[in-house]
file my_file10.txt (compact mmCIF, C-alpha atoms)
# COMPACT_ATOMS: atom_id res chain seq x y z
CA MET A 3 15.58 4.94 2.60
CA LYS A 4 14.70 5.17 -1.08
CA GLN A 5 12.44 7.81 -2.55
CA ILE A 6 10.11 7.36 -5.49
CA THR A 7 7.81 9.61 -7.47
CA LEU A 8 4.29 8.27 -7.63
CA ARG A 9 1.84 9.68 -10.15
CA LEU A 10 -1.81 9.24 -9.23
CA PRO A 11 -5.02 10.41 -10.86
CA ASP A 12 -6.51 13.32 -8.91
CA ASP A 13 -9.49 11.28 -7.74
CA GLU A 14 -7.27 8.47 -6.41
CA HIS A 15 -5.10 11.00 -4.57
CA ALA A 16 -8.20 12.54 -3.00
CA ARG A 17 -9.49 9.10 -1.97
CA LEU A 18 -6.17 8.13 -0.35
CA LYS A 19 -5.86 11.51 1.38
CA ALA A 20 -9.39 11.22 2.81
CA LEU A 21 -8.69 7.67 4.00
CA ALA A 22 -5.45 8.81 5.64
CA GLU A 23 -7.28 11.59 7.46
CA ARG A 24 -9.93 9.17 8.72
CA GLU A 25 -7.17 6.84 9.95
CA HIS A 26 -5.23 9.76 11.54
CA ARG A 27 -2.22 9.12 9.32
CA SER A 28 -0.24 11.19 6.88
CA LEU A 29 -0.67 10.29 3.22
CA HIS A 30 2.83 8.81 3.27
CA ALA A 31 2.08 6.69 6.35
CA GLN A 32 -1.23 5.54 4.83
CA ILE A 33 0.43 4.36 1.63
CA LEU A 34 3.08 2.48 3.63
CA HIS A 35 0.36 0.93 5.80
CA MET A 36 -1.55 -0.24 2.73
CA LEU A 37 1.60 -1.67 1.15
CA ASP A 38 2.38 -3.56 4.37
CA ARG A 39 -1.15 -4.97 4.51
CA SER A 40 -1.00 -5.98 0.87
CA ARG A 41 2.33 -7.73 1.36
CA ASP A 42 0.96 -9.58 4.41
CA ASP A 43 -2.17 -10.61 2.48
CA HIS A 44 -0.04 -12.09 -0.27
CA ALA A 45 2.59 -13.81 1.87
CA PRO A 46 2.91 -17.49 1.04
CA VAL A 47 1.43 -19.89 3.56
CA GLU A 48 4.03 -21.99 5.39
CA GLY A 49 4.89 -24.99 3.26
CA GLU A 50 3.37 -23.42 0.15
CA ARG A 51 5.63 -22.46 -2.74
CA ARG A 52 4.76 -19.79 -5.24
CA SER A 53 5.12 -20.61 -8.89
CA ALA A 54 7.46 -18.48 -10.98
CA GLN A 55 4.41 -17.08 -12.80
CA GLY A 56 2.55 -16.18 -9.60
CA ALA A 57 5.50 -14.48 -7.91
call {"tool": "encode", "arguments": {"input": "my_file10.txt", "output": "structure tokens"}}
result
Amino acid sequence: MKQITLRLPDDEHARLKALAEREHRSLHAQILHMLDRSRDDHAPVEGERRSAQGA
């Protein structure tokens, strides 16, 4: 597993932390959950090809 350092404005950190608490997740788990959802939302539809500019 890779580790990264993520710098967030204080208000964004507070918003994510509050959301994680409401969802009964750690901040780490919440960020992973949101990344997974974002990836799923942007997955190409079967038979659809992404252009080099849109990828």
call {"tool": "axis_aligned_box", "arguments": {"input": "my_file10.txt", "around": "segment 4-7 of chain A", "padding_each_side": "6 Å", "output": "JSON"}}
result
{"center_x": 11.3, "center_y": 7.4, "center_z": -4.3, "size_x": 18.9, "size_y": 16.4, "size_z": 18.4}
call {"tool": "residues_around", "arguments": {"input": "my_file10.txt", "residues": "segment 31-37 of chain A", "least_positions_apart": "6", "cutoff": "8 Å", "atoms": "only C-alpha atoms", "output": "number ranges by chain"}}
result
A: 18, 21-22, 25
call {"tool": "residues_around", "arguments": {"input": "my_file10.txt", "residues": "Lys19 of chain A", "least_positions_apart": "2", "cutoff": "12 Å", "atoms": "only C-alpha atoms", "output": "list of chain:residue names"}}
result
A:Leu10, A:Asp12, A:Asp13, A:Glu14, A:His15, A:Ala16, A:Arg17, A:Leu21, A:Ala22, A:Glu23, A:Arg24, A:Glu25, A:His26, A:Arg27, A:Ser28, A:Leu29, A:His30, A:Ala31, A:Gln32, A:Ile33
call {"tool": "write_last_selection", "arguments": {"input": "my_file10.txt", "atoms": "C-alpha atoms", "output": "PDB file, in the coordinates of the input"}}
result
ATOM      1  CA  LEU A  10      -1.810   9.240  -9.230  1.00  0.00           C
ATOM      2  CA  ASP A  12      -6.510  13.320  -8.910  1.00  0.00           C
ATOM      3  CA  ASP A  13      -9.490  11.280  -7.740  1.00  0.00           C
ATOM      4  CA  GLU A  14      -7.270   8.470  -6.410  1.00  0.00           C
ATOM      5  CA  HIS A  15      -5.100  11.000  -4.570  1.00  0.00           C
ATOM      6  CA  ALA A  16      -8.200  12.540  -3.000  1.00  0.00           C
ATOM      7  CA  ARG A  17      -9.490   9.100  -1.970  1.00  0.00           C
ATOM      8  CA  LEU A  21      -8.690   7.670   4.000  1.00  0.00           C
ATOM      9  CA  ALA A  22      -5.450   8.810   5.640  1.00  0.00           C
ATOM     10  CA  GLU A  23      -7.280  11.590   7.460  1.00  0.00           C
ATOM     11  CA  ARG A  24      -9.930   9.170   8.720  1.00  0.00           C
ATOM     12  CA  GLU A  25      -7.170   6.840   9.950  1.00  0.00           C
ATOM     13  CA  HIS A  26      -5.230   9.760  11.540  1.00  0.00           C
ATOM     14  CA  ARG A  27      -2.220   9.120   9.320  1.00  0.00           C
ATOM     15  CA  SER A  28      -0.240  11.190   6.880  1.00  0.00           C
ATOM     16  CA  LEU A  29      -0.670  10.290   3.220  1.00  0.00           C
ATOM     17  CA  HIS A  30       2.830   8.810   3.270  1.00  0.00           C
ATOM     18  CA  ALA A  31       2.080   6.690   6.350  1.00  0.00           C
ATOM     19  CA  GLN A  32      -1.230   5.540   4.830  1.00  0.00           C
ATOM     20  CA  ILE A  33       0.430   4.360   1.630  1.00  0.00           C
TER      21      ILE A  33
END
